[in-house]
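Chemist: start15.pdb is the file, holding PDB, C-alpha atoms:
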ATOM      1  CA  MET A 167     139.758  82.327 124.881
ATOM      2  CA  SER A 168     139.639  85.116 127.470
ATOM      3  CA  LEU A 169     138.018  84.222 130.798
ATOM      4  CA  THR A 170     135.465  87.028 130.725
ATOM      5  CA  LEU A 171     132.936  84.881 132.607
ATOM      6  CA  GLN A 172     135.232  83.561 135.320
ATOM      7  CA  ASN A 173     133.428  83.125 138.660
ATOM      8  CA  LYS A 174     130.048  83.308 136.901
ATOM      9  CA  HIS A 175     127.428  80.557 137.037
ATOM     10  CA  ALA A 176     125.137  79.789 134.112
ATOM     11  CA  LEU A 177     122.048  77.637 133.585
ATOM     12  CA  ILE A 178     121.225  76.653 130.007
ATOM     13  CA  THR A 179     117.906  74.908 129.377
ATOM     14  CA  GLY A 180     117.872  72.301 126.625
ATOM     15  CA  GLY A 181     121.653  72.269 126.708
ATOM     16  CA  SER A 182     122.531  68.709 125.759
ATOM     17  CA  ARG A 183     122.784  69.109 121.977
ATOM     18  CA  GLY A 184     122.723  71.507 119.052
ATOM     19  CA  ILE A 185     122.679  75.216 119.837
ATOM     20  CA  GLY A 186     122.273  74.560 123.560
ATOM     21  CA  ALA A 187     125.366  72.363 123.763
ATOM     22  CA  ALA A 188     127.383  74.951 121.827
ATOM     23  CA  ILE A 189     126.286  77.614 124.323
ATOM     24  CA  VAL A 190     127.323  75.391 127.239
ATOM     25  CA  ARG A 191     130.765  74.864 125.697
ATOM     26  CA  ARG A 192     131.251  78.541 124.840
ATOM     27  CA  LEU A 193     130.300  79.853 128.280
ATOM     28  CA  ALA A 194     132.497  77.213 129.901
ATOM     29  CA  SER A 195     135.388  78.195 127.643
ATOM     30  CA  GLU A 196     135.064  81.732 128.981
ATOM     31  CA  GLY A 197     135.269  80.514 132.572
ATOM     32  CA  ALA A 198     131.644  80.081 133.664
ATOM     33  CA  ASP A 199     130.465  77.130 135.721
ATOM     34  CA  VAL A 200     127.522  75.633 133.862
ATOM     35  CA  ALA A 201     124.394  73.600 134.463
ATOM     36  CA  LEU A 202     122.260  72.270 131.632
ATOM     37  CA  THR A 203     118.839  70.720 131.493
ATOM     38  CA  TYR A 204     117.783  67.890 129.210
ATOM     39  CA  VAL A 205     114.646  65.819 128.707
ATOM     40  CA  SER A 206     116.014  62.560 127.326
ATOM     41  CA  LYS A 207     119.291  61.124 125.990
ATOM     42  CA  PRO A 208     121.425  61.361 129.136
ATOM     43  CA  ASP A 209     124.412  60.165 127.109
ATOM     44  CA  LEU A 210     124.396  63.388 125.071
ATOM     45  CA  ALA A 211     124.013  65.443 128.246
ATOM     46  CA  ALA A 212     126.987  63.616 129.774
ATOM     47  CA  GLU A 213     129.093  64.297 126.670
ATOM     48  CA  THR A 214     128.306  68.004 126.847
ATOM     49  CA  VAL A 215     129.115  68.099 130.558
ATOM     50  CA  LYS A 216     132.443  66.389 129.875
ATOM     51  CA  ALA A 217     133.258  68.887 127.119
ATOM     52  CA  ALA A 218     132.528  71.770 129.499
ATOM     53  CA  GLN A 219     134.582  70.251 132.304
ATOM     54  CA  ALA A 220     137.572  70.088 129.954
ATOM     55  CA  PHE A 221     137.805  73.865 130.366
ATOM     56  CA  GLY A 222     138.375  73.432 134.089
ATOM     57  CA  VAL A 223     134.939  74.579 135.219
ATOM     58  CA  LYS A 224     132.173  72.875 137.150
ATOM     59  CA  ALA A 225     129.445  71.389 134.955
ATOM     60  CA  VAL A 226     126.305  69.439 135.810
ATOM     61  CA  ALA A 227     123.344  67.998 133.911
ATOM     62  CA  ILE A 228     119.799  68.117 135.297
ATOM     63  CA  GLN A 229     116.913  66.160 133.827
ATOM     64  CA  ALA A 230     113.863  68.398 133.493
ATOM     65  CA  ASP A 231     110.971  68.551 131.039
ATOM     66  CA  SER A 232     110.251  72.171 130.102
ATOM     67  CA  THR A 233     106.538  71.408 129.721
ATOM     68  CA  ASP A 234     106.467  70.716 133.473
ATOM     69  CA  ALA A 235     106.534  73.986 135.424
ATOM     70  CA  ASP A 236     107.383  72.262 138.703
ATOM     71  CA  ALA A 237     110.307  70.447 137.089
ATOM     72  CA  THR A 238     111.562  73.708 135.604
ATOM     73  CA  VAL A 239     111.498  75.447 138.991
ATOM     74  CA  ALA A 240     113.190  72.455 140.625
ATOM     75  CA  ALA A 241     115.935  72.555 137.976
ATOM     76  CA  VAL A 242     116.601  76.215 138.736
ATOM     77  CA  GLU A 243     116.815  75.446 142.450
ATOM     78  CA  GLN A 244     119.138  72.492 141.853
ATOM     79  CA  ALA A 245     121.394  74.513 139.561
ATOM     80  CA  ASP A 246     121.602  77.302 142.123
ATOM     81  CA  GLY A 247     122.503  74.819 144.842
ATOM     82  CA  GLU A 248     125.097  72.895 142.849
ATOM     83  CA  LEU A 249     126.788  75.889 141.258
ATOM     84  CA  GLY A 250     126.541  78.241 144.225
ATOM     85  CA  GLY A 251     124.366  80.787 142.426
ATOM     86  CA  ILE A 252     123.036  81.693 138.985
ATOM     87  CA  ASP A 253     124.344  84.785 137.219
ATOM     88  CA  ILE A 254     123.282  83.817 133.693
ATOM     89  CA  LEU A 255     120.097  82.103 132.507
ATOM     90  CA  VAL A 256     119.857  80.985 128.890
ATOM     91  CA  ASN A 257     116.326  79.900 127.967
ATOM     92  CA  ASN A 258     117.277  77.714 125.014
ATOM     93  CA  ALA A 259     114.818  74.796 125.190
ATOM     94  CA  GLY A 260     112.343  74.973 122.331
ATOM     95  CA  ILE A 261     110.325  72.938 119.872
ATOM     96  CA  ALA A 262     109.012  73.493 116.361
ATOM     97  CA  VAL A 263     105.879  71.671 115.260
ATOM     98  CA  MET A 264     104.966  72.736 111.735
ATOM     99  CA  GLY A 265     101.740  71.981 109.934
ATOM    100  CA  PRO A 266      98.760  73.435 108.069
ATOM    101  CA  ILE A 267      96.379  75.364 110.267
ATOM    102  CA  ASP A 268      93.325  73.349 109.164
ATOM    103  CA  SER A 269      94.728  70.171 110.709
ATOM    104  CA  TYR A 270      97.029  71.591 113.390
ATOM    105  CA  ARG A 271      96.395  69.699 116.604
ATOM    106  CA  LEU A 272      95.467  71.643 119.725
ATOM    107  CA  GLU A 273      97.828  69.483 121.774
ATOM    108  CA  ASP A 274     100.716  70.594 119.549
ATOM    109  CA  PHE A 275      99.644  74.212 119.997
ATOM    110  CA  ASP A 276      99.589  73.769 123.782
ATOM    111  CA  ARG A 277     102.962  71.983 123.856
ATOM    112  CA  THR A 278     104.569  74.657 121.667
ATOM    113  CA  TRP A 279     103.301  77.397 123.973
ATOM    114  CA  ALA A 280     104.333  75.447 127.079
ATOM    115  CA  VAL A 281     107.929  74.944 125.952
ATOM    116  CA  ASN A 282     108.612  78.074 123.910
ATOM    117  CA  VAL A 283     106.838  80.656 126.075
ATOM    118  CA  ARG A 284     105.537  79.423 129.428
ATOM    119  CA  ALA A 285     108.768  77.634 130.352
ATOM    120  CA  VAL A 286     110.734  80.809 129.601
ATOM    121  CA  PHE A 287     108.491  82.769 131.969
ATOM    122  CA  VAL A 288     108.637  80.060 134.648
ATOM    123  CA  ALA A 289     112.431  79.719 134.554
ATOM    124  CA  THR A 290     112.897  83.489 134.533
ATOM    125  CA  GLN A 291     110.577  83.969 137.488
ATOM    126  CA  ALA A 292     112.311  81.190 139.420
ATOM    127  CA  VAL A 293     115.834  82.418 138.738
ATOM    128  CA  LEU A 294     115.036  85.937 139.920
ATOM    129  CA  ARG A 295     114.873  84.585 143.474
ATOM    130  CA  HIS A 296     118.612  84.038 143.208
ATOM    131  CA  MET A 297     119.980  86.442 140.589
ATOM    132  CA  GLN A 298     121.829  89.524 141.759
ATOM    133  CA  THR A 299     122.703  92.856 140.144
ATOM    134  CA  GLY A 300     124.622  92.232 136.939
ATOM    135  CA  GLY A 301     122.579  89.151 136.078
ATOM    136  CA  ARG A 302     121.883  88.210 132.472
ATOM    137  CA  ILE A 303     118.807  86.479 131.045
ATOM    138  CA  ILE A 304     119.028  85.436 127.408
ATOM    139  CA  ASN A 305     116.248  83.765 125.423
ATOM    140  CA  ILE A 306     116.813  81.863 122.204
ATOM    141  CA  GLY A 307     114.053  83.124 119.947
ATOM    142  CA  SER A 308     113.897  82.911 116.165
ATOM    143  CA  CYS A 309     114.047  85.131 113.107
ATOM    144  CA  ASN A 310     110.588  83.694 112.398
ATOM    145  CA  ALA A 311     109.265  86.054 115.050
ATOM    146  CA  GLU A 312     109.580  88.722 112.369
ATOM    147  CA  ARG A 313     109.280  86.774 109.128
ATOM    148  CA  MET A 314     107.623  83.463 108.236
ATOM    149  CA  PRO A 315     108.148  83.013 104.484
ATOM    150  CA  PHE A 316     106.491  79.620 104.098
ATOM    151  CA  ALA A 317     103.214  77.986 105.096
ATOM    152  CA  GLY A 318     102.777  75.846 108.185
ATOM    153  CA  GLY A 319     104.813  77.883 110.653
ATOM    154  CA  ALA A 320     102.183  80.165 112.167
ATOM    155  CA  VAL A 321     102.144  78.651 115.654
ATOM    156  CA  TYR A 322     105.924  78.465 115.898
ATOM    157  CA  ALA A 323     106.248  82.073 114.711
ATOM    158  CA  MET A 324     103.634  83.159 117.232
ATOM    159  CA  SER A 325     105.502  81.515 120.092
ATOM    160  CA  LYS A 326     108.778  83.204 119.187
ATOM    161  CA  ALA A 327     107.095  86.579 118.597
ATOM    162  CA  ALA A 328     105.714  86.336 122.137
ATOM    163  CA  LEU A 329     109.280  86.430 123.459
ATOM    164  CA  VAL A 330     109.823  89.816 121.814
ATOM    165  CA  GLY A 331     107.035  91.346 123.873
ATOM    166  CA  LEU A 332     108.111  89.479 126.981
ATOM    167  CA  VAL A 333     111.652  90.835 126.985
ATOM    168  CA  LYS A 334     110.492  94.380 126.261
ATOM    169  CA  GLY A 335     108.226  94.272 129.282
ATOM    170  CA  LEU A 336     110.660  92.450 131.564
ATOM    171  CA  ALA A 337     113.459  94.840 130.667
ATOM    172  CA  ARG A 338     111.393  97.473 132.491
ATOM    173  CA  ASP A 339     110.750  95.217 135.472
ATOM    174  CA  LEU A 340     114.389  94.196 135.820
ATOM    175  CA  GLY A 341     116.237  97.347 134.845
ATOM    176  CA  THR A 342     116.141  98.877 138.305
ATOM    177  CA  ARG A 343     117.601  95.629 139.643
ATOM    178  CA  GLY A 344     120.565  95.818 137.292
ATOM    179  CA  ILE A 345     119.549  92.665 135.405
ATOM    180  CA  THR A 346     119.393  92.591 131.614
ATOM    181  CA  ILE A 347     117.144  90.408 129.461
ATOM    182  CA  ASN A 348     117.402  89.928 125.701
ATOM    183  CA  ASN A 349     116.497  87.607 122.857
ATOM    184  CA  VAL A 350     118.897  86.048 120.387
ATOM    185  CA  GLN A 351     116.991  85.317 117.153
ATOM    186  CA  PRO A 352     118.815  82.739 115.013
ATOM    187  CA  GLY A 353     118.045  82.085 111.404
ATOM    188  CA  PRO A 354     118.581  78.633 109.875
ATOM    189  CA  VAL A 355     121.320  76.838 111.807
ATOM    190  CA  ASP A 356     122.862  73.506 110.859
ATOM    191  CA  THR A 357     121.718  71.015 113.530
ATOM    192  CA  ASP A 358     120.362  67.477 113.567
ATOM    193  CA  MET A 359     116.835  68.952 113.794
ATOM    194  CA  ASN A 360     117.343  71.281 110.809
ATOM    195  CA  PRO A 361     120.247  69.993 108.698
ATOM    196  CA  ALA A 362     121.687  72.271 106.049
ATOM    197  CA  ASP A 363     122.107  69.272 103.733
ATOM    198  CA  SER A 364     118.410  68.754 102.975
ATOM    199  CA  ALA A 365     115.842  69.785 100.391
ATOM    200  CA  PHE A 366     114.417  72.313 102.838
ATOM    201  CA  GLY A 367     117.896  73.671 103.502
ATOM    202  CA  GLU A 368     118.561  74.002  99.796
ATOM    203  CA  MET A 369     115.339  75.975  99.367
ATOM    204  CA  LEU A 370     116.282  78.382 102.156
ATOM    205  CA  ARG A 371     119.848  78.872 100.909
ATOM    206  CA  THR A 372     118.827  79.578  97.336
ATOM    207  CA  GLN A 373     115.518  81.412  97.770
ATOM    208  CA  VAL A 374     115.456  83.058 101.208
ATOM    209  CA  MET A 375     118.925  83.729 102.582
ATOM    210  CA  ALA A 376     121.097  86.749 101.766
ATOM    211  CA  LEU A 377     124.164  84.680 102.670
ATOM    212  CA  PRO A 378     123.735  81.385 100.807
ATOM    213  CA  ARG A 379     124.550  79.165 103.772
ATOM    214  CA  TYR A 380     123.245  78.014 107.123
ATOM    215  CA  GLY A 381     124.679  79.403 110.335
ATOM    216  CA  THR A 382     126.685  77.308 112.770
ATOM    217  CA  VAL A 383     125.868  76.582 116.385
ATOM    218  CA  ASP A 384     129.120  78.257 117.406
ATOM    219  CA  GLU A 385     128.069  81.510 115.721
ATOM    220  CA  ILE A 386     124.895  81.564 117.811
ATOM    221  CA  ALA A 387     126.846  80.716 120.954
ATOM    222  CA  ALA A 388     129.173  83.652 120.285
ATOM    223  CA  MET A 389     126.222  86.057 120.297
ATOM    224  CA  VAL A 390     124.993  84.564 123.567
ATOM    225  CA  ALA A 391     128.472  84.888 125.100
ATOM    226  CA  TYR A 392     128.532  88.566 124.145
ATOM    227  CA  LEU A 393     125.186  89.206 125.867
ATOM    228  CA  ALA A 394     126.352  87.257 128.916
ATOM    229  CA  GLY A 395     129.584  89.224 129.182
ATOM    230  CA  PRO A 396     130.616  92.578 130.605
ATOM    231  CA  GLU A 397     130.576  94.435 127.264
ATOM    232  CA  ALA A 398     126.790  93.996 126.925
ATOM    233  CA  GLY A 399     125.845  95.670 130.190
ATOM    234  CA  PHE A 400     123.895  98.410 128.355
ATOM    235  CA  VAL A 401     121.912  96.012 126.134
ATOM    236  CA  THR A 402     118.470  95.061 127.409
ATOM    237  CA  GLY A 403     114.980  94.565 126.003
ATOM    238  CA  ALA A 404     116.512  93.782 122.603
ATOM    239  CA  SER A 405     115.928  91.043 120.047
ATOM    240  CA  LEU A 406     119.217  90.535 118.225
ATOM    241  CA  THR A 407     118.862  88.734 114.908
ATOM    242  CA  ILE A 408     121.676  86.515 113.629
ATOM    243  CA  ASP A 409     120.179  85.013 110.498
ATOM    244  CA  GLY A 410     122.425  85.374 107.458
ATOM    245  CA  GLY A 411     120.005  87.890 105.992
ATOM    246  CA  PHE A 412     116.904  85.686 106.309
ATOM    247  CA  ASN A 413     114.906  88.747 107.385
ATOM    248  CA  ALA A 414     116.658  91.234 105.068
TER
END
So, in terms of structure tokens, how does the structure I just supplied come out?
Modeler:
Amino acid sequence: MSLTLQNKHALITGGSRGIGAAIVRRLASEGADVALTYVSKPDLAAETVKAAQAFGVKAVAIQADSTDADATVAAVEQADGELGGIDILVNNAGIAVMGPIDSYRLEDFDRTWAVNVRAVFVATQAVLRHMQTGGRIINIGSCNAERMPFAGGAVYAMSKAALVGLVKGLARDLGTRGITINNVQPGPVDTDMNPADSAFGEMLRTQVMALPRYGTVDEIAAMVAYLAGPEAGFVTGASLTIDGGFNA
């Protein structure tokens, strides 16, 4: 793996497992020092840190609940202090609470907005106190921002669609500072939260996908690494879909 991110420092929210952990490993493999946030399961966070450190980079885990704005800001400050700066922010932390609109709980609506949208804004605002020209901000959105082909996903789709507007607007705010901001919009990805080997996965593969398979966490991490690297310096305000044809 080429060290295209050597001497860079990255913060990945929700980086202890799944897509987040794959992003941590990929950025570390390309030479970036990494910090990750996690809410619970410190053992998984420690495993991801160890995997990153195997590439010879600095790696730290920071406990922070994305629903808590103060904790999110504190995590940014701690990451900046421990890594010696932040060049790359990956807003990966997210939740998906599905359910029919007639019985959808307001507390689930508020928590979805807090994690999937507000925390992205809070972390982005906090990191801009430290990020210099050439900085990269990357949000993990969803292909559901553009297509929701089954019932029960309205609130989740809304939260991810909000990121599309956010990056378009922030691209204008940050362009003159030489900082790019983009969304990566995964389709179905094989994780413990959404396993490919399930009845739901079978439905998606056979009825929705153009490619009859789920994506892998490493495929999503590769897209993030591209946006974080020097070849993507002219990409900003974009929502890049990597979904196996889910939205085709």
Chemist: Can you list, as a list in words, every protein, DNA or RNA residue that comes within 7 Å of A:Ser182 when you count all atoms listed in the file, leaving out same-chain residues fewer than 2 positions away?
Modeler: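 Skipping anything fewer than 2 positions along the chain leaves Gly180, Gly186, Ala187, Leu202, Tyr204, Leu210, Ala211 and Thr214 of chain A.
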Chemist: Rounded to one decimal place, report the atom CA of A:Ser168-atom CA of A:Val215 distance in Å.
Modeler: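 The value is 20.2 Å.
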Chemist: Quick one: residues within 7 Å of stretch 309-313 of chain A, all atoms listed in the file counted, chain neighbours fewer than 4 positions away excluded, as a PDB file with C-alpha atoms, in the coordinates of the input?
Modeler:
ATOM      1  CA  ALA A 323     106.248  82.073 114.711  1.00  0.00           C
ATOM      2  CA  MET A 324     103.634  83.159 117.232  1.00  0.00           C
ATOM      3  CA  LYS A 326     108.778  83.204 119.187  1.00  0.00           C
ATOM      4  CA  ALA A 327     107.095  86.579 118.597  1.00  0.00           C
ATOM      5  CA  GLN A 351     116.991  85.317 117.153  1.00  0.00           C
ATOM      6  CA  PRO A 352     118.815  82.739 115.013  1.00  0.00           C
ATOM      7  CA  GLY A 353     118.045  82.085 111.404  1.00  0.00           C
ATOM      8  CA  THR A 407     118.862  88.734 114.908  1.00  0.00           C
ATOM      9  CA  ASP A 409     120.179  85.013 110.498  1.00  0.00           C
ATOM     10  CA  ASN A 413     114.906  88.747 107.385  1.00  0.00           C
TER      11      ASN A 413
END
Chemist: Which residues would end up in the selection if the PyMOL selection byres ((chain A and resi 192-200) around 6) were applied here, given that I need the answer as a list in words?
Modeler: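 Selected by the PyMOL selection byres ((chain A and resi 192-200) around 6) here: Ser168, Leu169, Thr170, Leu171, Gln172, Lys174, His175, Ala176, Leu177, Ile189, Val190, Arg191, Ala201, Ala218, Phe221, Val223, Lys224 and Ala225 of chain A.
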Chemist: Name the residues that the PyMOL selection byres ((chain A and resi 404) around 8) pulls out of this structure, and write them as a list in words.
Modeler: Val330, Val333, Lys334, Ile347, Asn348, Asn349, Val401, Thr402, Gly403, Ser405 and Leu406 of chain A
Chemist: Can you list, as JSON, numbers by chain, every protein, DNA or RNA residue that comes within 10 Å of A:Val355 when you count all atoms listed in the file, leaving out same-chain residues fewer than 4 positions away?
Modeler: {"A": [184, 185, 359, 360, 361, 362, 367, 379, 380, 381, 382, 383, 384, 385, 386, 408, 409, 410]}
Chemist: Tell me, as a PyMOL selection string, which residues lie within 12 Å of A:Thr238, counting all atoms listed in the file; anything in the same chain fewer than 2 positions away does not count.
Modeler: chain A and resi 177-180+202-205+228-236+240-245+257+259+280-281+284-293
Chemist: As an exercise, work out the distance from atom CA of A:Ala328 to atom CA of A:Gly411 in Å and give it to one decimal place.
Modeler: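 Result for atom CA of A:Ala328 versus atom CA of A:Gly411: 21.6 Å, one decimal.
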Chemist: Taking only C-alpha atoms into account, name the residue in A:Ala188, A:Ala388, A:Leu272, A:Ala212 that is nearest to A:Asn258.
Modeler: A:Ala188
Chemist: Considering only C-alpha atoms, can you say which of A:Pro208, A:Ala391, A:Phe412, A:Leu370 comes closest to A:Ser308?
Modeler: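 Ranking A:Pro208, A:Ala391, A:Phe412, A:Leu370 by distance to A:Ser308, first place goes to A:Phe412.
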Chemist: Going by the chain IDs and residue numbers used in this file, which residues fall under the PyMOL selection byres ((chain A and resi 394) around 8)? Write them as a count of residues only.
Modeler: 12
Chemist: For A:Asp274, list every protein, DNA or RNA residue within 10 Å, evaluated using all atoms listed in the file, and leave out those in the same chain fewer than 6 positions away; present the list as a ChimeraX atom specification.
Modeler: /A:261-265,280,321
Chemist: Nearest to A:Val283: which of A:Leu332, A:Ile345, A:Val226, A:Val256 is it, counting only C-alpha atoms?
Modeler: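 Smallest separation from A:Val283 among the options: A:Leu332.
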Chemist: Taking all atoms of stretch 217-225 of chain A that the file lists and extending 8 Å past them on each side, where is the centre of the axis-aligned box and how long are its edges? Answer in Å to one decimal, as lines of an AutoDock Vina configuration file.
Modeler:
center_x = 133.9
center_y = 71.7
center_z = 132.1
size_x = 24.9
size_y = 21.7
size_z = 26.0
Chemist: Mind filling out stretch 384-407 of chain A with N, CA and C atoms and sending it as a PDB file, keeping the file's coordinate frame?
Modeler:
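Final file, part-v2.pdb:
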ATOM      1  N   ASP A 384     128.118  77.441 116.718  1.00  0.00           N
ATOM      2  CA  ASP A 384     129.120  78.257 117.406  1.00  0.00           C
ATOM      3  C   ASP A 384     128.914  79.745 117.153  1.00  0.00           C
ATOM      4  N   GLU A 385     128.368  80.101 115.990  1.00  0.00           N
ATOM      5  CA  GLU A 385     128.069  81.510 115.721  1.00  0.00           C
ATOM      6  C   GLU A 385     126.955  82.018 116.640  1.00  0.00           C
ATOM      7  N   ILE A 386     125.967  81.175 116.892  1.00  0.00           N
ATOM      8  CA  ILE A 386     124.895  81.564 117.811  1.00  0.00           C
ATOM      9  C   ILE A 386     125.436  81.654 119.236  1.00  0.00           C
ATOM     10  N   ALA A 387     126.266  80.706 119.612  1.00  0.00           N
ATOM     11  CA  ALA A 387     126.846  80.716 120.954  1.00  0.00           C
ATOM     12  C   ALA A 387     127.692  81.956 121.191  1.00  0.00           C
ATOM     13  N   ALA A 388     128.356  82.445 120.144  1.00  0.00           N
ATOM     14  CA  ALA A 388     129.173  83.652 120.285  1.00  0.00           C
ATOM     15  C   ALA A 388     128.309  84.864 120.611  1.00  0.00           C
ATOM     16  N   MET A 389     127.136  84.957 119.993  1.00  0.00           N
ATOM     17  CA  MET A 389     126.222  86.057 120.297  1.00  0.00           C
ATOM     18  C   MET A 389     125.736  85.969 121.740  1.00  0.00           C
ATOM     19  N   VAL A 390     125.430  84.760 122.188  1.00  0.00           N
ATOM     20  CA  VAL A 390     124.993  84.564 123.567  1.00  0.00           C
ATOM     21  C   VAL A 390     126.107  84.959 124.531  1.00  0.00           C
ATOM     22  N   ALA A 391     127.343  84.551 124.231  1.00  0.00           N
ATOM     23  CA  ALA A 391     128.472  84.888 125.100  1.00  0.00           C
ATOM     24  C   ALA A 391     128.651  86.397 125.201  1.00  0.00           C
ATOM     25  N   TYR A 392     128.450  87.104 124.104  1.00  0.00           N
ATOM     26  CA  TYR A 392     128.532  88.566 124.145  1.00  0.00           C
ATOM     27  C   TYR A 392     127.501  89.136 125.114  1.00  0.00           C
ATOM     28  N   LEU A 393     126.240  88.691 124.999  1.00  0.00           N
ATOM     29  CA  LEU A 393     125.186  89.206 125.867  1.00  0.00           C
ATOM     30  C   LEU A 393     125.417  88.822 127.322  1.00  0.00           C
ATOM     31  N   ALA A 394     126.074  87.701 127.554  1.00  0.00           N
ATOM     32  CA  ALA A 394     126.352  87.257 128.916  1.00  0.00           C
ATOM     33  C   ALA A 394     127.528  87.986 129.538  1.00  0.00           C
ATOM     34  N   GLY A 395     128.340  88.640 128.722  1.00  0.00           N
ATOM     35  CA  GLY A 395     129.584  89.224 129.182  1.00  0.00           C
ATOM     36  C   GLY A 395     129.501  90.678 129.587  1.00  0.00           C
ATOM     37  N   PRO A 396     130.603  91.211 130.063  1.00  0.00           N
ATOM     38  CA  PRO A 396     130.616  92.578 130.605  1.00  0.00           C
ATOM     39  C   PRO A 396     130.413  93.665 129.558  1.00  0.00           C
ATOM     40  N   GLU A 397     130.705  93.410 128.302  1.00  0.00           N
ATOM     41  CA  GLU A 397     130.576  94.435 127.264  1.00  0.00           C
ATOM     42  C   GLU A 397     129.125  94.715 126.883  1.00  0.00           C
ATOM     43  N   ALA A 398     128.198  93.841 127.303  1.00  0.00           N
ATOM     44  CA  ALA A 398     126.790  93.996 126.925  1.00  0.00           C
ATOM     45  C   ALA A 398     125.944  94.543 128.069  1.00  0.00           C
ATOM     46  N   GLY A 399     126.574  95.195 129.027  1.00  0.00           N
ATOM     47  CA  GLY A 399     125.845  95.670 130.190  1.00  0.00           C
ATOM     48  C   GLY A 399     124.790  96.718 129.891  1.00  0.00           C
ATOM     49  N   PHE A 400     124.853  97.361 128.717  1.00  0.00           N
ATOM     50  CA  PHE A 400     123.895  98.410 128.355  1.00  0.00           C
ATOM     51  C   PHE A 400     122.876  97.920 127.331  1.00  0.00           C
ATOM     52  N   VAL A 401     122.848  96.602 127.096  1.00  0.00           N
ATOM     53  CA  VAL A 401     121.912  96.012 126.134  1.00  0.00           C
ATOM     54  C   VAL A 401     120.808  95.298 126.902  1.00  0.00           C
ATOM     55  N   THR A 402     119.587  95.754 126.769  1.00  0.00           N
ATOM     56  CA  THR A 402     118.470  95.061 127.409  1.00  0.00           C
ATOM     57  C   THR A 402     117.180  95.360 126.653  1.00  0.00           C
ATOM     58  N   GLY A 403     116.255  94.419 126.711  1.00  0.00           N
ATOM     59  CA  GLY A 403     114.980  94.565 126.003  1.00  0.00           C
ATOM     60  C   GLY A 403     115.104  94.403 124.504  1.00  0.00           C
ATOM     61  N   ALA A 404     116.229  93.856 124.039  1.00  0.00           N
ATOM     62  CA  ALA A 404     116.512  93.782 122.603  1.00  0.00           C
ATOM     63  C   ALA A 404     116.287  92.379 122.060  1.00  0.00           C
ATOM     64  N   SER A 405     115.986  92.316 120.775  1.00  0.00           N
ATOM     65  CA  SER A 405     115.928  91.043 120.047  1.00  0.00           C
ATOM     66  C   SER A 405     116.962  91.135 118.938  1.00  0.00           C
ATOM     67  N   LEU A 406     118.070  90.438 119.122  1.00  0.00           N
ATOM     68  CA  LEU A 406     119.217  90.535 118.225  1.00  0.00           C
ATOM     69  C   LEU A 406     119.167  89.381 117.231  1.00  0.00           C
ATOM     70  N   THR A 407     119.006  89.737 115.958  1.00  0.00           N
ATOM     71  CA  THR A 407     118.862  88.734 114.908  1.00  0.00           C
ATOM     72  C   THR A 407     120.208  88.355 114.337  1.00  0.00           C
TER      73      THR A 407
END
